[in-house]
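Here the structure comes first, spelled out in structure tokens, and everything after it is commentary.
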Amino acid sequence: MRKLLTFGMIALLLAGCKKEEQVVAQKETVEQVIEQAQTMPLSELYRRAAAESDGKVFYGIGNSSRGSAAGETFIKELQKVNPSYSGKVQWFVPKNNSIFTLLTADAYKITPVYSMTLIQDGNLIQRKMLNTGYLLNYIPKEWKDAPGTNEQENGHPFALQTLNKVFEFNNTNNSETFRNCWDFVYKDIHPLFMGVDGEPVGKNFLYMLTNDTYASYLKDAYNALPQEKKDYFDSIINGVSSDVARLGLTSQNAKYALAYIKLWCAQYKAMVDDGPICTELTDIAGSGKCGLLVYSKFRSIKETQTSSVNNATVAAYQDGYKGIGGYAYKHYLQIPRTSPLPWTACAFIAYMTTSKEGFYPWGRDMGGYCSNPACNQEHSKDGYTDGVELYPAKNDRGYDWWISPSGGRLVVENPEYCAKVSAKLADWIDEQAGLHL
């Protein structure tokens with residue numbers, strides 16, 4: 001009996017070792033493909049992808065359902081290389097941020113499923129996927145060679161696009177004004193927000209506020225406040241100053257960031273989605289309400305007697321607005337280390353980031369900006385109808401304006417910084433939001 005148990009344990013160990021060896025071997029193979037693909041023009045990538053995936057199903061997984069639409073046109077691109085090409089793209093969108101669990105589990109399957117991913121939440125990507133080696137980075141050659149691309153900002157991890165969430169308020173009550181980002185955390189103000197436990201990228205926004213660049217924006221905006229409001233905020237700012245060192249923050253203006261985070265978490269009204277927030281802010285009944293939400297949600301508002309885009313103001317579009325105008329998060333394109341179809345994954349990623357058609361499923365709406373400027377659609381006059389400006393809030397001022405210190409001053413997600421500060425800051429933020437009660 002003991003011998004049988006021993007042999008059984010040895011067999012299990014050998015099976016485990018063999019499985020891990022398969023994972024490592026596959027990882028090396030995918031890495032080799034990426035290394036070669038990064039030097040190839042699109043024509044050669046498409047040729048290899050068509051040969052690799054002909055007659056097969058290419059499985060992608062992502063936080064955006066629009067990957068399915070991009071997959072349909074990508075197939076047509078491969079059919080130009082091989083008219084008899086019969087491959088298919090199946091796109092899966094997991095719920096409840098389970099994408100990290102699914103990708104990790106897939107890496108250890110004998111037969112992995114997912115060939116690529118479009119994934120958000122820079123913090124968890126860095127800590128759970130990149131630092132562990134589950135996902136690999138690929139930067140298309142023609143993306144690197146394109147004018148206006150910035151590898152430092154969008155190359156590691158490789159970004160498909162930047163999306164913005166912006167401060168807005170209902171303007172039907174002229175007595176309520178929001179001309180400074182601190183106005184959104186003033187007493188008795190309850191901004192509508194998806195919440196730090198509802199959408200992880202929202203928590204990344206709060207992490208990023210402690211970065212020196214954005215903490216400085218907050219300090220400058222505070223300096224521009226009238227004395228009455230400064231007096232109100234001073235006690236909160238002084239109250240959190242002792243937490244700066246304990247939380248490992250290095251910005252000399254970090255206390256302003258912590259005060260802002262504390263007030264934001266204590267006062268926001270949690271919502272399940274950005275759609276309902278936009279509905280409330282554009283309804284005449286939403287007088288005095290404000291929020292932080294995806295800018296492109298304006299596209300879904302139907303004009304009625306009680307609801308109009310014109311009932312809402314984009315805070316940063318006001319002349320003389322002070323401070324941050326919102327935040328920017330990204331969708332990242334990555335290849336699992338066990339990708340069954342790595343050539344096709346590289347070709348699909350290149351397609352989405354080097355052609356307007358490939359980026360169109362996302363680029364058709366304002367508020368989403370491709371990492372390759374050449375792929376962006378024009379949205380600066382989305383508020384016009386037949387040459388007449390009807391809805392100024394829909395006229396997107398573009399990526400460069402939104403991230404500029406003299407423009408929208410968006411707080412831009414940085415995966416490495418989020419991962420660095422989240423270890424100590426996550427629990428502190430949860431406490432401010434009452435999530436440990």
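Chain labels follow the order of the structure tokens: the first chain is A, the next B, and so on; residue numbering restarts at 1 in every chain, and ligands are counted from 1 in their shown order.
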
Go through segment 142-228 of chain A and flag each residue having an atom no more than 10 Å from segment 95-119 of chain A; for those, report the closest pair of atoms plus their distance in Å to one decimal, using only C-alpha atoms, ordered by chain and rising number, as CSV.
```
residue,atom,partner,partner_atom,distance
A:Ala159,CA,A:Leu118,CA,8.9
A:Leu160,CA,A:Leu118,CA,8.0
A:Gly198,CA,A:Asn96,CA,8.9
A:Glu199,CA,A:Asn97,CA,8.5
A:Pro200,CA,A:Asn97,CA,8.4
```

Save the residues we just selected, all heavy atoms, as a short mmCIF file (atom, residue, chain, number, x, y, z; two decimals), in the first residue's frame?
```
data_model
loop_
_atom_site.label_atom_id
_atom_site.label_comp_id
_atom_site.auth_asym_id
_atom_site.auth_seq_id
_atom_site.Cartn_x
_atom_site.Cartn_y
_atom_site.Cartn_z
N ALA A 159 -1.01 50.11 -25.29
CA ALA A 159 -2.39 50.59 -25.15
C ALA A 159 -3.09 50.69 -26.50
O ALA A 159 -2.52 51.21 -27.46
CB ALA A 159 -2.39 51.96 -24.48
N LEU A 160 -4.31 50.20 -26.54
CA LEU A 160 -5.17 50.44 -27.70
C LEU A 160 -5.64 51.88 -27.69
O LEU A 160 -5.56 52.58 -28.70
CB LEU A 160 -6.38 49.51 -27.66
CG LEU A 160 -7.51 49.85 -28.65
CD1 LEU A 160 -7.06 49.62 -30.08
CD2 LEU A 160 -8.78 49.06 -28.33
N GLY A 198 -16.87 49.53 -7.14
CA GLY A 198 -17.71 49.17 -8.27
C GLY A 198 -16.95 49.06 -9.57
O GLY A 198 -17.28 48.26 -10.44
N GLU A 199 -15.91 49.86 -9.72
CA GLU A 199 -15.10 49.85 -10.93
C GLU A 199 -13.66 50.14 -10.54
O GLU A 199 -13.34 51.25 -10.12
CB GLU A 199 -15.61 50.89 -11.94
CG GLU A 199 -14.93 50.81 -13.28
CD GLU A 199 -15.43 51.86 -14.25
OE1 GLU A 199 -15.66 53.01 -13.83
OE2 GLU A 199 -15.59 51.52 -15.43
N PRO A 200 -12.77 49.15 -10.68
CA PRO A 200 -11.39 49.33 -10.22
C PRO A 200 -10.66 50.52 -10.81
O PRO A 200 -9.82 51.11 -10.13
CB PRO A 200 -10.72 48.01 -10.64
CG PRO A 200 -11.83 47.01 -10.65
CD PRO A 200 -13.03 47.77 -11.14
#
```

Query raised in the report: So which residues touch Ala257 of chain A within 6 Å, counting only C-alpha atoms, skipping near sequence neighbours fewer than 5 positions away, as a PyMOL selection string?
Result: chain A and resi 209-210+215

Selected residues, N, CA, C and O atoms, written as a CSV table (one decimal), in the first residue's frame, please.
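Once everything was written out, this is result_4.csv:
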```
chain,number,residue,atom,x,y,z
A,209,LEU,N,-4.0,60.5,-8.0
A,209,LEU,CA,-4.0,61.8,-7.4
A,209,LEU,C,-2.8,62.1,-6.6
A,209,LEU,O,-2.4,63.3,-6.4
A,210,THR,N,-2.2,61.1,-6.0
A,210,THR,CA,-1.1,61.3,-5.1
A,210,THR,C,0.3,61.4,-5.8
A,210,THR,O,1.3,61.8,-5.2
A,215,ALA,N,-1.0,65.9,-7.8
A,215,ALA,CA,-1.1,66.6,-6.4
A,215,ALA,C,-0.8,68.0,-6.6
A,215,ALA,O,-1.4,68.9,-5.9
```

Requested in this report: Compile the contact shell of Arg47 of chain A as a list in words: residues with an atom at most 12 Å away, counting only C-alpha atoms, same-chain residues fewer than 4 positions apart removed.
Outcome: Ala37, Met40, Pro41, Leu42, Ser43, Ala51, Glu52, Ser53, Asp54, Glu77, Leu78, Gln79, Lys80, Val81, Asn82, Pro83, Tyr85, Trp343, Thr344, Cys346 and Ala347 of chain A

Query - Top pick for closest residue to Glu168 of chain A, considering A:Ile277, A:Leu247, A:Met366, A:Ile125 and counting only C-alpha atoms - result: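 Residue with the minimum atom-to-atom distance to Glu168 of chain A: A:Ile277.
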
**Report entry** Pick from A:Gln126, A:Cys265, A:Val185, A:Ala393, whichever lies nearest to Asn171 of chain A using only C-alpha atoms
**Finding:**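 Among A:Gln126, A:Cys265, A:Val185, A:Ala393, it is A:Ala393 that comes nearest to Asn171 of chain A.
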
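Excluding Ser355 of chain A and any residue on its chain fewer than 3 positions from it, the residues at most 8 Å away by only C-alpha atoms are Tyr351, Met352, Gly358, Phe359, Ala374 and Cys375 of chain A.
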
**Report entry** All strand (DSSP E or B) residues (DSSP, backbone) inside segment 246-315 of chain A, as a list in words
**Finding:**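 Secondary structure check on segment 246-315 of chain A, strand (DSSP E or B): Lys269, Ala270, Asp283, Cys290, Gly291, Leu292, Leu293, Val294, Ser307, Ala312, Thr313 and Val314 of chain A.
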
Requested in this report: Pick out the residues sitting within 12 Å of Leu225 of chain A, and hand them over as a list in words; count only C-alpha atoms, and ignore anything fewer than 2 positions along from it in its own chain.
Outcome: Phe178, Arg179, Asn180, Cys181, Trp182, Asp183, Tyr186, Leu218, Lys219, Asp220, Ala221, Tyr222, Asn223, Gln227, Glu228, Lys229, Lys230, Asp231, Tyr232, Phe233, Asp234, Tyr321, Lys322 and Gly323 of chain A

What are the closest atom pairs, with distances in Å to one decimal, for all residues of segment 151-268 of chain A lying within 8 Å of segment 130-146 of chain A? Consider only C-alpha atoms, order rows by chain and residue number, and present the result as JSON lines.
```
{"residue": "A:Glu151", "atom": "CA", "partner": "A:Lys144", "partner_atom": "CA", "distance": 7.2}
{"residue": "A:Gly155", "atom": "CA", "partner": "A:Ile139", "partner_atom": "CA", "distance": 6.8}
{"residue": "A:His156", "atom": "CA", "partner": "A:Asn137", "partner_atom": "CA", "distance": 7.1}
{"residue": "A:Pro157", "atom": "CA", "partner": "A:Asn137", "partner_atom": "CA", "distance": 6.2}
{"residue": "A:Phe158", "atom": "CA", "partner": "A:Asn137", "partner_atom": "CA", "distance": 6.4}
```

Report task. Pick out the residues sitting within 10 Å of Asn164 of chain A, and hand them over as a list in words; count only C-alpha atoms, and ignore anything fewer than 2 positions along from it in its own chain. Result ->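 Surrounding residues, per the criterion: Thr162, Val166, Phe167, Leu292, Leu293, Val294, Tyr295, Ser296, Gly325, Gly326, Tyr327, Ala328, Tyr329, Lys330, Met366, Gly367, Gly368, Tyr369, Tyr399, Trp402, Ile403, Leu410, Val411 and Val412 of chain A.
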
Those residues with N, CA, C and O atoms, as a short mmCIF file (atom, residue, chain, number, x, y, z; two decimals), in the first residue's frame please?
```cif
data_model
loop_
_atom_site.label_atom_id
_atom_site.label_comp_id
_atom_site.auth_asym_id
_atom_site.auth_seq_id
_atom_site.Cartn_x
_atom_site.Cartn_y
_atom_site.Cartn_z
N THR A 162 -6.93 55.48 -24.96
CA THR A 162 -7.17 56.18 -23.71
C THR A 162 -8.61 56.66 -23.72
O THR A 162 -9.09 57.18 -24.73
N VAL A 166 -15.02 62.47 -17.12
CA VAL A 166 -14.89 63.91 -16.88
C VAL A 166 -15.92 64.40 -15.87
O VAL A 166 -16.99 63.81 -15.70
N PHE A 167 -15.57 65.49 -15.20
CA PHE A 167 -16.50 66.14 -14.29
C PHE A 167 -17.58 66.86 -15.09
O PHE A 167 -17.27 67.63 -16.01
N LEU A 292 -18.84 62.33 -12.00
CA LEU A 292 -17.62 61.99 -12.74
C LEU A 292 -17.95 60.75 -13.55
O LEU A 292 -18.22 59.69 -12.98
N LEU A 293 -17.94 60.87 -14.86
CA LEU A 293 -18.44 59.79 -15.71
C LEU A 293 -17.79 59.81 -17.08
O LEU A 293 -17.16 60.78 -17.48
N VAL A 294 -17.98 58.70 -17.81
CA VAL A 294 -17.44 58.57 -19.16
C VAL A 294 -18.05 59.63 -20.06
O VAL A 294 -19.27 59.75 -20.18
N TYR A 295 -17.20 60.39 -20.70
CA TYR A 295 -17.63 61.51 -21.54
C TYR A 295 -18.55 61.05 -22.68
O TYR A 295 -19.53 61.71 -23.02
N SER A 296 -18.24 59.89 -23.26
CA SER A 296 -18.99 59.44 -24.43
C SER A 296 -20.43 59.06 -24.13
O SER A 296 -21.21 58.81 -25.06
N GLY A 325 -9.74 68.05 -14.68
CA GLY A 325 -11.02 67.96 -15.37
C GLY A 325 -11.62 66.58 -15.36
O GLY A 325 -12.73 66.37 -15.85
N GLY A 326 -10.90 65.62 -14.77
CA GLY A 326 -11.37 64.24 -14.74
C GLY A 326 -10.17 63.31 -14.76
O GLY A 326 -9.08 63.68 -14.33
N TYR A 327 -10.37 62.09 -15.24
CA TYR A 327 -9.24 61.18 -15.32
C TYR A 327 -9.31 60.34 -16.58
O TYR A 327 -10.35 60.26 -17.25
N ALA A 328 -8.19 59.74 -16.93
CA ALA A 328 -8.08 58.95 -18.14
C ALA A 328 -7.56 57.56 -17.79
O ALA A 328 -6.56 57.43 -17.09
N TYR A 329 -8.27 56.55 -18.26
CA TYR A 329 -7.78 55.18 -18.10
C TYR A 329 -7.62 54.57 -19.48
O TYR A 329 -8.00 55.16 -20.49
N LYS A 330 -7.03 53.39 -19.55
CA LYS A 330 -6.66 52.84 -20.85
C LYS A 330 -7.15 51.40 -21.02
O LYS A 330 -7.38 50.68 -20.05
N MET A 366 -16.92 59.88 -29.35
CA MET A 366 -16.03 60.85 -28.70
C MET A 366 -15.52 60.26 -27.39
O MET A 366 -16.09 59.32 -26.84
N GLY A 367 -14.42 60.81 -26.89
CA GLY A 367 -13.90 60.41 -25.59
C GLY A 367 -13.02 59.18 -25.58
O GLY A 367 -12.57 58.76 -24.53
N GLY A 368 -12.76 58.60 -26.76
CA GLY A 368 -11.84 57.47 -26.85
C GLY A 368 -10.76 57.80 -27.86
O GLY A 368 -11.07 58.14 -29.01
N TYR A 369 -9.50 57.70 -27.46
CA TYR A 369 -8.40 58.19 -28.29
C TYR A 369 -7.37 57.08 -28.51
O TYR A 369 -6.75 56.60 -27.57
N TYR A 399 -7.60 64.40 -27.50
CA TYR A 399 -6.66 63.85 -26.52
C TYR A 399 -5.62 64.87 -26.05
O TYR A 399 -5.39 65.03 -24.85
N TRP A 402 -7.10 67.36 -23.69
CA TRP A 402 -7.55 66.81 -22.42
C TRP A 402 -6.40 66.52 -21.46
O TRP A 402 -6.55 66.65 -20.24
N ILE A 403 -5.26 66.09 -21.97
CA ILE A 403 -4.17 65.74 -21.05
C ILE A 403 -3.21 66.91 -20.80
O ILE A 403 -2.32 66.82 -19.97
N LEU A 410 -6.37 66.07 -17.36
CA LEU A 410 -6.84 64.76 -16.90
C LEU A 410 -5.76 64.07 -16.06
O LEU A 410 -4.57 64.21 -16.31
N VAL A 411 -6.21 63.31 -15.08
CA VAL A 411 -5.34 62.46 -14.28
C VAL A 411 -5.20 61.15 -15.04
O VAL A 411 -6.15 60.39 -15.17
N VAL A 412 -4.02 60.88 -15.58
CA VAL A 412 -3.81 59.74 -16.48
C VAL A 412 -3.27 58.53 -15.71
O VAL A 412 -2.27 58.62 -15.00
#
```

Requested in this report: Using only C-alpha atoms, find the one residue out of A:Pro361, A:Gly408, A:Gly55, A:Pro94 that sits nearest to Gly67 of chain A.
Outcome: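 For Gly67 of chain A, the nearest of the candidates is A:Pro361.
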
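The shortest atom-to-atom distance to Ile284 of chain A, with only C-alpha atoms taken into account, belongs to A:Phe169 out of A:Ala270, A:Thr177, A:Tyr214, A:Phe169.
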
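When only C-alpha atoms are used to measure the gap to Tyr260 of chain A, the shortest distance among A:Ile324, A:Ile34, A:Ala245, A:Ile301 belongs to A:Ile324.
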
Query raised in the report: Could you pull out the helix (DSSP H, G or I) residues of segment 193-297 of chain A from DSSP and send them as a ChimeraX atom specification?
Result: /A:200-209,212-223,227-240,243-246,254-267,274-281,284-286,295-297

Query - Pick from A:Asn173, A:Asn395, A:Thr304, A:Ser235 nearest to Leu263 of chain A, counting only C-alpha atoms - result: A:Ser235
